[in-house]
Every structure is written in structure tokens, then in C-alpha cells.
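Asks: What follows is input08.pdb; its format and atoms are PDB, C-alpha atoms, pLDDT in the B column.
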ATOM      1  CA  MET A   1      -9.756 -73.483  25.897  1.00 49.00           C
ATOM      2  CA  GLU A   2     -13.483 -73.772  25.523  1.00 54.00           C
ATOM      3  CA  ALA A   3     -15.730 -73.095  28.491  1.00 58.00           C
ATOM      4  CA  THR A   4     -17.361 -76.518  28.016  1.00 72.00           C
ATOM      5  CA  HIS A   5     -14.137 -78.204  29.167  1.00 82.00           C
ATOM      6  CA  VAL A   6     -14.301 -76.534  32.595  1.00 86.00           C
ATOM      7  CA  LEU A   7     -17.038 -77.122  35.154  1.00 86.00           C
ATOM      8  CA  GLU A   8     -17.091 -74.897  38.249  1.00 89.00           C
ATOM      9  CA  VAL A   9     -17.824 -76.840  41.432  1.00 90.00           C
ATOM     10  CA  LYS A  10     -19.461 -75.512  44.587  1.00 93.00           C
ATOM     11  CA  ASP A  11     -19.852 -78.825  46.465  1.00 93.00           C
ATOM     12  CA  ALA A  12     -19.453 -82.337  45.116  1.00 91.00           C
ATOM     13  CA  VAL A  13     -18.714 -85.933  45.979  1.00 93.00           C
ATOM     14  CA  VAL A  14     -16.045 -87.539  43.814  1.00 89.00           C
ATOM     15  CA  ASN A  15     -15.764 -91.312  43.491  1.00 93.00           C
ATOM     16  CA  THR A  16     -12.344 -92.462  42.294  1.00 91.00           C
ATOM     17  CA  PHE A  17     -11.626 -95.597  40.251  1.00 92.00           C
ATOM     18  CA  ASP A  18     -10.126 -97.305  43.296  1.00 94.00           C
ATOM     19  CA  GLY A  19     -13.415 -96.889  45.208  1.00 94.00           C
ATOM     20  CA  GLU A  20     -12.500 -93.923  47.418  1.00 95.00           C
ATOM     21  CA  THR A  21     -14.996 -91.129  48.009  1.00 96.00           C
ATOM     22  CA  HIS A  22     -13.863 -87.513  48.378  1.00 92.00           C
ATOM     23  CA  HIS A  23     -15.973 -84.508  49.333  1.00 94.00           C
ATOM     24  CA  VAL A  24     -15.002 -81.478  47.275  1.00 91.00           C
ATOM     25  CA  HIS A  25     -15.840 -77.910  48.290  1.00 92.00           C
ATOM     26  CA  GLY A  26     -15.185 -75.348  45.569  1.00 90.00           C
ATOM     27  CA  GLY A  27     -12.848 -75.501  42.623  1.00 89.00           C
ATOM     28  CA  ALA A  28     -13.153 -76.566  39.034  1.00 87.00           C
ATOM     29  CA  TYR A  29     -13.397 -79.818  37.138  1.00 85.00           C
ATOM     30  CA  LEU A  30     -11.407 -80.175  33.931  1.00 87.00           C
ATOM     31  CA  SER A  31     -12.881 -82.679  31.495  1.00 87.00           C
ATOM     32  CA  PRO A  32     -10.593 -85.298  29.912  1.00 87.00           C
ATOM     33  CA  GLU A  33     -10.734 -83.387  26.617  1.00 90.00           C
ATOM     34  CA  GLY A  34      -9.872 -80.167  28.436  1.00 88.00           C
ATOM     35  CA  TYR A  35      -6.946 -81.864  30.149  1.00 89.00           C
ATOM     36  CA  LEU A  36      -5.592 -83.139  26.832  1.00 92.00           C
ATOM     37  CA  VAL A  37      -5.948 -79.726  25.182  1.00 90.00           C
ATOM     38  CA  THR A  38      -4.291 -77.976  28.125  1.00 90.00           C
ATOM     39  CA  ASN A  39      -1.483 -80.517  28.315  1.00 93.00           C
ATOM     40  CA  ALA A  40      -0.774 -80.221  24.577  1.00 95.00           C
ATOM     41  CA  GLU A  41      -0.679 -76.419  24.805  1.00 94.00           C
ATOM     42  CA  LEU A  42       1.684 -76.517  27.797  1.00 94.00           C
ATOM     43  CA  GLU A  43       4.005 -78.920  25.967  1.00 96.00           C
ATOM     44  CA  ARG A  44       4.010 -76.647  22.902  1.00 96.00           C
ATOM     45  CA  LEU A  45       4.889 -73.648  25.100  1.00 96.00           C
ATOM     46  CA  ARG A  46       7.712 -75.597  26.813  1.00 95.00           C
ATOM     47  CA  GLN A  47       9.193 -76.536  23.441  1.00 94.00           C
ATOM     48  CA  HIS A  48       8.917 -72.949  22.230  1.00 93.00           C
ATOM     49  CA  ARG A  49      10.717 -71.673  25.349  1.00 91.00           C
ATOM     50  CA  ALA A  50      13.473 -74.281  24.951  1.00 90.00           C
ATOM     51  CA  GLU A  51      13.982 -73.229  21.323  1.00 87.00           C
ATOM     52  CA  GLN A  52      14.184 -69.580  22.369  1.00 86.00           C
ATOM     53  CA  GLN A  53      16.789 -70.384  25.022  1.00 84.00           C
ATOM     54  CA  LYS A  54      18.909 -72.258  22.463  1.00 83.00           C
ATOM     55  CA  SER A  55      18.651 -69.294  20.106  1.00 83.00           C
ATOM     56  CA  THR A  56      19.628 -66.870  22.867  1.00 85.00           C
ATOM     57  CA  TRP A  57      22.729 -68.890  23.723  1.00 83.00           C
ATOM     58  CA  ALA A  58      23.793 -69.058  20.068  1.00 83.00           C
ATOM     59  CA  VAL A  59      23.498 -65.275  19.683  1.00 86.00           C
ATOM     60  CA  LEU A  60      25.366 -64.705  22.951  1.00 88.00           C
ATOM     61  CA  ILE A  61      28.227 -66.996  21.929  1.00 89.00           C
ATOM     62  CA  LEU A  62      28.464 -65.440  18.461  1.00 89.00           C
ATOM     63  CA  GLY A  63      28.429 -61.923  19.935  1.00 91.00           C
ATOM     64  CA  THR A  64      31.150 -62.807  22.414  1.00 92.00           C
ATOM     65  CA  ALA A  65      33.293 -64.292  19.643  1.00 91.00           C
ATOM     66  CA  LEU A  66      32.893 -61.174  17.504  1.00 92.00           C
ATOM     67  CA  VAL A  67      33.779 -58.866  20.406  1.00 91.00           C
ATOM     68  CA  GLY A  68      36.858 -61.010  21.141  1.00 90.00           C
ATOM     69  CA  PHE A  69      37.898 -60.919  17.492  1.00 89.00           C
ATOM     70  CA  ALA A  70      37.454 -57.130  17.323  1.00 89.00           C
ATOM     71  CA  ALA A  71      39.406 -56.599  20.565  1.00 88.00           C
ATOM     72  CA  GLY A  72      42.226 -58.842  19.335  1.00 85.00           C
ATOM     73  CA  PHE A  73      42.345 -57.047  16.007  1.00 86.00           C
ATOM     74  CA  TRP A  74      42.403 -53.634  17.706  1.00 86.00           C
ATOM     75  CA  LEU A  75      45.095 -54.654  20.206  1.00 84.00           C
ATOM     76  CA  GLY A  76      47.141 -56.258  17.412  1.00 83.00           C
ATOM     77  CA  ARG A  77      47.074 -53.097  15.307  1.00 82.00           C
ATOM     78  CA  ARG A  78      47.920 -50.932  18.318  1.00 73.00           C
ATOM     79  CA  ASP A  79      51.219 -52.781  18.879  1.00 59.00           C
ATOM     80  CA  ASP A  80      52.334 -52.134  15.273  1.00 54.00           C
ATOM     81  CA  ASP A  81      52.327 -48.340  15.740  1.00 53.00           C
TER      82      ASP A  81
END
Go through the file and emit its structure as C-alpha cells.
Replies:
Amino acid sequence: MEATHVLEVKDAVVNTFDGETHHVHGGAYLSPEGYLVTNAELERLRQHRAEQQKSTWAVLILGTALVGFAAGFWLGRRDDD
């Protein structure tokens, strides 16, 4: 994110759209553009994590199936001897 999207605040008075006034001491102000950029990046990261979790489950299920198949094959051959 660009530094121009963030404004550090020491002391400020914030007027909201509903007419309320708030005194702010310290913190940072995120511009509307900065909010949109940050929100889009967070959404992209959430989707990426969800895709990774789906991939992990698929590999785990496939691995478990292969281990079960191998164990069944080994136990089946052992009984023939």
C-alpha cells in the first residue's frame, strides 16, 4: 500500500456524516482509496487460503485412500501364503 493512503494522526477532531464529533488522540487515518486497496488485498488472501485448504484436504483424502489400498493389498496377499 502506498504511504499516501495512510495519514498518521496525533490529535484530531472527526465529524461524522450523522453530525457527531469525536476527538481522536493518536492512530492513523486510512483514505477511502487505501481502504478499498486493503480490502481487495484481504479478500484475495482469504480466497487464496480457502483454495489452499481445499487442496490440502484433497491430498489428505487421496493419501488416505492409497494407504488403505496398499494395506488391503498387503493383508490380502499375506492370507494367501
Asks: Which one is closest to A:Val14: A:Tyr29, A:Gly72, A:Leu45, A:Ser55? Count only C-alpha atoms.
Replies: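 So, comparing all the options, the nearest one is A:Tyr29.
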Asks: In Å, with one decimal, what is the gap from atom CA of A:Leu42 to atom CA of A:Asn15?
Replies: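 Going from atom CA of A:Leu42 over to atom CA of A:Asn15 covers 27.7 Å.
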Asks: Using only C-alpha atoms, pick whichever of A:Glu8, A:Asp18, A:Glu43, A:Glu51 has the shortest atom-to-atom distance to A:Leu30.
Replies: A:Glu8
Asks: Take atom CA of A:Gln53 and atom CA of A:Leu66 and report the distance between them in Å, one decimal.
Replies: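 The value is 20.0 Å.
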Asks: Between atom CA of A:Arg78 and atom CA of A:Val59, what is the distance in Å, rounded to a tenth?
Replies: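 Separation of atom CA of A:Arg78 and atom CA of A:Val59: 28.4 Å.
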